[in-house]
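Before any comments, here is the structure.
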Amino acid sequence: MNYNKEGLSNEILIDLYKSMLKPRLIEEKMLILLRQGKISKWFSGIGQEAISVGVTKAMLNEEYILPMHRNLGVFTTREIPLYRLFAQWQGKASGFTKGRDRSFHFGTQEYNIVGMISHLGPQLGVADGIALASKLKNKKQVTAVFTGEGGTSEGDFHEALNVASVWQLPVLFCIENNGYGLSTPTSEQYNCKDLADRALGYGMESHIIDGNNILEVYTKVNAFAEDIRKNPRPILLEFKTFRMRGHEEASGTKYVPQDLLDAWAAKDPLENYQEFLKNEGILDEVLEVKLKEEIVHEINEHLDLAYAEEAILPSESEELSDVYKNYVYQEVIPNKETKELRLVDAISEGLKQSMERYDDLVIMGQDVAEYGGVFKITDGFVNAFGKDRVRNTPICESAIVETGMGLSIAGIKSVVEMQFADFVTSGFNPVVNYLAKSHYRWNQNADVVLRMPCGAGVAAGPFHSQTNEAWFTKTPGLKVVYPAFPYDAKGLLATAINDPNPVLFFEHKALYRSIRQEVPTDYYTLPLGKASLLREGDAVSIIAYGAAVHWALSTLEKHSDIDADVIDLRSLQPLDTETIYTSVKKTGKAIILQEDSLFGGIASDISALIMENCFEQLDAPVKRVASMKTPIPFIGQLEDQYLSRDKFEGELLKLLAY
Ligand SMILES: Cc1ncc(C[n+]2csc(CCOP(=O)(O)OP(=O)(O)O)c2C)c(N)n1
């Protein structure tokens, strides 16, 4: 191996050696513990240490690194006390996830490390968000993110690179090309010569680096990082290396040809470097033994500490209270002066006033800048707040949701406009797996609001009409808001933005320009999780949200004799069960009207809750009214037939007559 130590002091050279030695010796110990059944799973990075160590050494401690499952060297080089790592792997409290997630699936703000989620690719977009924050705050910092070559086949990789290049974000994308993704060789993973070549397609600089040569990794990455700090831009690095052990220990390496393993064993990054240091007279036998003994001693000492720590005792209340970041609602009372606004204007005004209130709040979405968004909610925002804060995005839903997560990690709030709620499917994974679960997993909130223009009744067909709130209400960690009126929409949006948790904010397109109301002119807030009682009566409780609220109200206009409580839920997660129960206990009858099709919708859960909590007071079975169990058709007469709107009247009358 060709080592070039030019410009590197002996101190640095030894430090790099020690830094590689540590993860290697930890791993050797872990392999023993695994055989003894003392740890559950191990993803080995043996043979790849030069990459983790070299990259981490080239980064400043305040810069973020987003490692993968084979990057133990990142964690040790950032000097995380070993007992904390061991405790993490043993699911103990001094780890980073209180026993809630395993292995390297954690992050820590203390060490500026953001660990992976199992889905591999999403963290590439998260790195974009952290880098965007650095750029917006002019911090002149680099963010380094890792992926294996297998992960480069995921859409997240392509979206993240594209966004980083379009926005010139200071990210070092580090591909560890180690020959296999689980059992899949590179020849079955991609069909280009070098993965570095992919950068060309994104207008990005790229380099190939010998990933087994610590000095090459360190000096090159150091130079790139310094350059990026001065001149922010993404760079793609392909580190050529090899996975010397199985994907995880249990899966073995039977499918890897022996000559490949032999050839790469000869390139071992630690042994070769050790020999080089000895040949140069920088390391001798005595120092080698001393360093190894010190590390082994440290490992054993910290293992004892971790073993001595008591096991986590389950506490339901603690588990539940960590799903969301604690947020104390701040009431801002509406001013007296009002003006009549359509729903669309109220949302726009609320968003604008939040942009004024938080001077670093960022809006991202397709066509949201000069064009003002397809519904014109952000019309004029670029002039008021500038393009840094009102950002047109490429059509990269996953990467943008991930970017929101990254901004949040770096302390910046964001609002992401899904052009249509239907398109959230293209960014579904980071919503339900990253935003929703991060606080529970490692205490990292996702301060992101996703605006979701949704709903049918506009003859827009199966892909521009869905109201898909139920995909999210069932996912712990998300909040879901669904206003039906301009006044509510403005105040609830303000609170959604104040709330440090991820909030999906549903806006019904058919209501945008058809519903008007007097709305306070200044900024104000309304609490999440509080329904509004629109009408009061004793005969029946009508429970609805979104457009369905208006369908219920217009039905009641036709039947002025019906004496009903009308509950507009306004927010679905948290759900105001108290208002529902109080009403149903009074009326003895409940009908829930929802626009979504029946099975698995909110109405089903509300019905079950009423049954469980108000059974003694019920005078009739709870009725759910929902749309047909088909995709949403385009043409008017089919859409009319599909929607629950026109079925409501008949079902209500039947329930009253029961
Ligand atoms: C979305 C997703 N699909 C599949 C998997 C299962 N899986 C976990 S790691 C892995 C291989 C990853 O290969 P690569 O990115 O090259 O990293 P390496 O393990 O080689 O370091 C696979 C298929 C997963 N975790 N997530």
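By order of appearance in the structure tokens: chains A, B, ..., then residues from 1 within every chain, and ligands from 1 in the order shown.
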
List all protein, DNA and RNA residues that have an atom no more than 10 Å from any atom of ligand 1, counting only C-alpha atoms and all ligand atoms, and report them as an MDAnalysis selection string.
chainID A and resid 43:45 48 68:71 116:122 146:156 175:186 189 242:243 246:248 429

Tell me which protein, DNA and RNA residues are within 8 Å of Arg229 in chain A, counting only C-alpha atoms, leaving out same-chain ones fewer than 5 positions away, and put them as number ranges by chain.
A: 140-142, 170

Create the file for the chosen residues now, containing C-alpha atoms and written as a compact mmCIF listing (two decimals), in the first residue's frame.
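Below is the file part13.txt, written as the result:
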```
# COMPACT_ATOMS: atom_id res chain seq x y z
CA LYS A 140 -19.15 27.38 7.28
CA GLN A 141 -19.51 23.78 8.38
CA VAL A 142 -19.41 20.53 6.48
CA PRO A 170 -21.95 21.59 1.96
```

Which residues are near Gln466 in chain A? Cut-off 8 Å, only C-alpha atoms, ignore same chain within fewer than 6 positions. Put them as a list in words.
Ala421, Asp422, Cys454, Gly455, Ala456, Asp596 and Ile632 of chain A

Do you know which residues are at most 8 Å from Arg535 in chain A counting only C-alpha atoms, after dropping those on the same chain fewer than 3 positions away, and could you put them as number ranges by chain?
A: 564-567

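Candidate residues A:Tyr524, A:Phe505, A:Tyr307, A:Trp264 were compared for distance to Lys92 in chain A, and the nearest is A:Tyr307, using only C-alpha atoms.
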